[in-house]
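Asks: Let me begin by handing over the structure; questions about it come next.
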Amino acid sequence: MTKALPLKAYLLERLFFLIMTSVPVFGSKHDIPLRISMLHVPTPVVAGDSILLRCGYELGNETLYAVKWYKNMGEFYRYVPASDPPLKTFPQTGVDVDISKSEKSSVYLRNLSLESFGNYTCQVSTDKPYFRCVQTTKHLEVVVPPSDGPVLMEEKSDYEVGDNVSILCNSGKSKPAPELKWYINDQLAKSDLYDKETVVYPDQLESTSLALRFRLKPDVLHNGKVTLKCVATVKHISAVTTKEIRASGTLQATSQKCLLWACLAIILYLQNKHMKIVGVHCI
């Protein structure tokens, strides 16, 4: 016959059971916190620059076997602490590793190019008895800024009030294609005032053309001129080209025409006393 435990002994037994079942068992595979805590891939980057890729990881109670780096599934760098030497590189298109500046959790890449563009993966694996592996991936974008600022081309250089202005902004070659914007007197031009075209070249670089068309009205003239500005932007890099269209002579000619019409109206009035002049309007 089973003898009942005193109440105090029973409570101590239950408390001991709860403590033991709440303590993690690190010998279990499922309780080992192997993970990658951080993957730093600076992006976008400018072609020709160098960057440092960093991979932070936590092993828990496991032993590190290797840290491997891949670009688009192709391995280019490996750290194996048990090997001699522990660091090793593998050729991959667009990847130039400076092994003197690399270590177990970081890789230094130099001379980036358009071919460096792609997905970069850090993979961490552990040694026996678990032989587990975790990995994470981030995308690297490479930018080629335009070598020149925007070039402006216009149909003519002399304008009169009422003329239609047509001017083209051509960006330099870059990757990706520059985003172009037109400004009239520092005010962003309305989208219906221009046409856009993008050209892709055999070397993968691109350029953009943006035509601005508007009517030269008196209200856009400031001191006889209008200032046009084309802004080309590739990611965080911008270039600006500004042009002034002068119409001071046009304003004078318009005033002369207005005076001529006023004189003609006065002559007609003097010739015909019964004629009523309502007013003379000039634009």
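Chain labels follow the order of the structure tokens: the first chain is A, the next B, and so on; residue numbering restarts at 1 in every chain, and ligands are counted from 1 in their shown order.
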Leaving out region 161-176 of chain A and any residue of its chain fewer than 2 positions from it, which residues lie within 7 Å of it when counting only C-alpha atoms, given as a PyMOL selection string?
Replies: chain A and resi 143-155+159+178+205-218+230+232+234+250
Asks: Would you list, as a list in words, the residues of region 112-254 of chain A that end up in alpha helix (DSSP H) under DSSP run on this structure's backbone?
Replies: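 Residues meeting the alpha helix (DSSP H) criterion: Ser248, Gly249, Thr250, Leu251, Gln252, Ala253 and Thr254 of chain A.
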Asks: Restricting the output to N, CA, C and O atoms, write the selected residues as a compact mmCIF listing (two decimals), in the first residue's frame.
Replies:
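Saved file selection-v2.txt follows:
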```
# COMPACT_ATOMS: atom_id res chain seq x y z
N SER A 248 13.35 90.37 -73.44
CA SER A 248 13.26 91.80 -73.16
C SER A 248 12.94 92.58 -74.43
O SER A 248 12.13 93.51 -74.41
N GLY A 249 13.56 92.23 -75.56
CA GLY A 249 13.26 92.89 -76.82
C GLY A 249 11.83 92.66 -77.25
O GLY A 249 11.18 93.53 -77.82
N THR A 250 11.30 91.53 -76.95
CA THR A 250 9.93 91.20 -77.30
C THR A 250 8.95 92.07 -76.54
O THR A 250 7.95 92.54 -77.09
N LEU A 251 9.24 92.32 -75.28
CA LEU A 251 8.35 93.17 -74.50
C LEU A 251 8.33 94.59 -75.06
O LEU A 251 7.29 95.24 -75.13
N GLN A 252 9.48 95.06 -75.50
CA GLN A 252 9.54 96.40 -76.06
C GLN A 252 8.76 96.47 -77.36
O GLN A 252 8.02 97.42 -77.62
N ALA A 253 8.90 95.43 -78.20
CA ALA A 253 8.17 95.40 -79.47
C ALA A 253 6.68 95.35 -79.22
O ALA A 253 5.89 95.99 -79.93
N THR A 254 6.28 94.61 -78.20
CA THR A 254 4.85 94.52 -77.88
C THR A 254 4.31 95.88 -77.44
O THR A 254 3.20 96.28 -77.80
```
Asks: Kindly give the distance, in Å, that separates CA of Phe90 (chain A) and CA of His40 (chain A), rounded to a single decimal.
Replies: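 That distance, rounded to one decimal, is 20.9 Å.
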Asks: Here is a test: counting only C-alpha atoms, which residue of A:Val45, A:Tyr70, A:Trp182, A:Tyr194 is nearest to Leu112 (chain A)?
Replies: A:Val45
Asks: List every residue of region 47-69 of chain A that has an atom at most 8 Å from any atom of region 101-111 of chain A, giving for each one its closest atom pair and the distance in Å to one decimal, counting only C-alpha atoms, sorted by chain and then by ascending residue number, as CSV.
Replies:
```
residue,atom,partner,partner_atom,distance
A:Ala47,CA,A:Asn111,CA,7.2
A:Gly48,CA,A:Asn111,CA,4.6
A:Asp49,CA,A:Asn111,CA,5.7
A:Ser50,CA,A:Arg110,CA,4.1
A:Ile51,CA,A:Leu109,CA,5.4
A:Leu52,CA,A:Tyr108,CA,4.5
A:Leu53,CA,A:Val107,CA,5.1
A:Arg54,CA,A:Ser106,CA,4.3
A:Cys55,CA,A:Ser105,CA,5.2
A:Gly56,CA,A:Ser105,CA,6.5
A:Val67,CA,A:Lys104,CA,6.9
```
Asks: Taking 6 positions as the minimum chain separation for residues in the same chain, which residues sit within 10 Å of Ser157 (chain A) when counting only C-alpha atoms? Answer as a list in words.
Replies: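 Residues meeting the cut-off are Val165, Glu244, Ile245, Arg246 and Ala247 of chain A.
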Asks: Using only C-alpha atoms, please write the residues we just selected to a file, as a PDB file, in the first residue's frame.
Replies:
```
ATOM      1  CA  VAL A 165       9.009  77.101 -76.330  1.00  0.00           C
ATOM      2  CA  GLU A 244      17.645  81.548 -69.204  1.00  0.00           C
ATOM      3  CA  ILE A 245      15.352  82.553 -72.047  1.00  0.00           C
ATOM      4  CA  ARG A 246      15.314  86.302 -72.530  1.00  0.00           C
ATOM      5  CA  ALA A 247      12.439  88.192 -74.056  1.00  0.00           C
TER       6      ALA A 247
END
```
Asks: Tell me which of A:Thr227, A:Met73, A:Glu160, A:Gln92 sits closest to Thr136 (chain A), counting only C-alpha atoms.
Replies: A:Met73
Asks: Got a sec to tell me which of region 89-250 of chain A DSSP assigns to strand (DSSP E), as a ChimeraX atom specification?
Replies: /A:89,106-109,118-126,133-140,142-143,151-154,164-170,179-184,187-188,194-200,206-215,225-234,237-246
Asks: Show which residues sit within 7 Å of Leu228 (chain A), as a ChimeraX atom specification. Count only C-alpha atoms, and ignore same-chain residues fewer than 6 positions away.
Replies: /A:183-185,242-244
Asks: Mind writing the picked residues with N, CA and C atoms as an mmCIF file, in the first residue's frame?
Replies:
```
data_model
loop_
_atom_site.group_PDB
_atom_site.id
_atom_site.type_symbol
_atom_site.label_atom_id
_atom_site.label_comp_id
_atom_site.auth_asym_id
_atom_site.auth_seq_id
_atom_site.Cartn_x
_atom_site.Cartn_y
_atom_site.Cartn_z
ATOM 1 N N TYR A 183 12.007 72.505 -64.177
ATOM 2 C CA TYR A 183 11.499 73.590 -63.328
ATOM 3 C C TYR A 183 11.436 74.866 -64.150
ATOM 4 N N ILE A 184 10.329 75.577 -64.017
ATOM 5 C CA ILE A 184 10.148 76.888 -64.656
ATOM 6 C C ILE A 184 10.116 77.928 -63.552
ATOM 7 N N ASN A 185 11.139 78.809 -63.533
ATOM 8 C CA ASN A 185 11.261 79.799 -62.454
ATOM 9 C C ASN A 185 11.195 79.127 -61.084
ATOM 10 N N THR A 242 21.008 74.791 -65.832
ATOM 11 C CA THR A 242 20.059 75.916 -65.863
ATOM 12 C C THR A 242 20.261 76.736 -67.123
ATOM 13 N N LYS A 243 19.140 77.240 -67.671
ATOM 14 C CA LYS A 243 19.193 78.090 -68.866
ATOM 15 C C LYS A 243 18.173 79.210 -68.733
ATOM 16 N N GLU A 244 18.556 80.400 -69.205
ATOM 17 C CA GLU A 244 17.645 81.548 -69.204
ATOM 18 C C GLU A 244 17.194 81.859 -70.628
#
```
Asks: Mind checking which residues fall within 7 Å of Leu140 (chain A), counting only C-alpha atoms, ignoring those fewer than 4 positions away in the same chain, and posting them as a PyMOL selection string?
Replies: chain A and resi 41+43-44+117-119
Asks: Could you please take those selected residues and save N, CA and C atoms as an mmCIF file, in the first residue's frame?
Replies:
```
data_model
loop_
_atom_site.group_PDB
_atom_site.id
_atom_site.type_symbol
_atom_site.label_atom_id
_atom_site.label_comp_id
_atom_site.auth_asym_id
_atom_site.auth_seq_id
_atom_site.Cartn_x
_atom_site.Cartn_y
_atom_site.Cartn_z
ATOM 1 N N VAL A 41 24.606 44.847 -45.578
ATOM 2 C CA VAL A 41 25.041 45.009 -46.965
ATOM 3 C C VAL A 41 24.689 46.437 -47.373
ATOM 4 N N THR A 43 23.751 49.501 -49.398
ATOM 5 C CA THR A 43 23.224 49.617 -50.750
ATOM 6 C C THR A 43 22.302 50.829 -50.839
ATOM 7 N N PRO A 44 22.261 51.572 -51.947
ATOM 8 C CA PRO A 44 23.088 51.368 -53.138
ATOM 9 C C PRO A 44 24.506 51.895 -52.941
ATOM 10 N N PHE A 117 26.560 43.666 -58.825
ATOM 11 C CA PHE A 117 25.125 43.707 -58.529
ATOM 12 C C PHE A 117 24.603 42.289 -58.274
ATOM 13 N N GLY A 118 23.794 42.093 -57.226
ATOM 14 C CA GLY A 118 23.203 40.776 -56.991
ATOM 15 C C GLY A 118 22.827 40.526 -55.548
ATOM 16 N N ASN A 119 22.520 39.260 -55.233
ATOM 17 C CA ASN A 119 22.124 38.841 -53.897
ATOM 18 C C ASN A 119 23.330 38.250 -53.156
#
```
Asks: Using only C-alpha atoms, which of A:Leu193, A:Leu221, A:Val46, A:Ala82 sits nearest Lys235 (chain A)?
Replies: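 Smallest separation from Lys235 (chain A) among the options: A:Val46.
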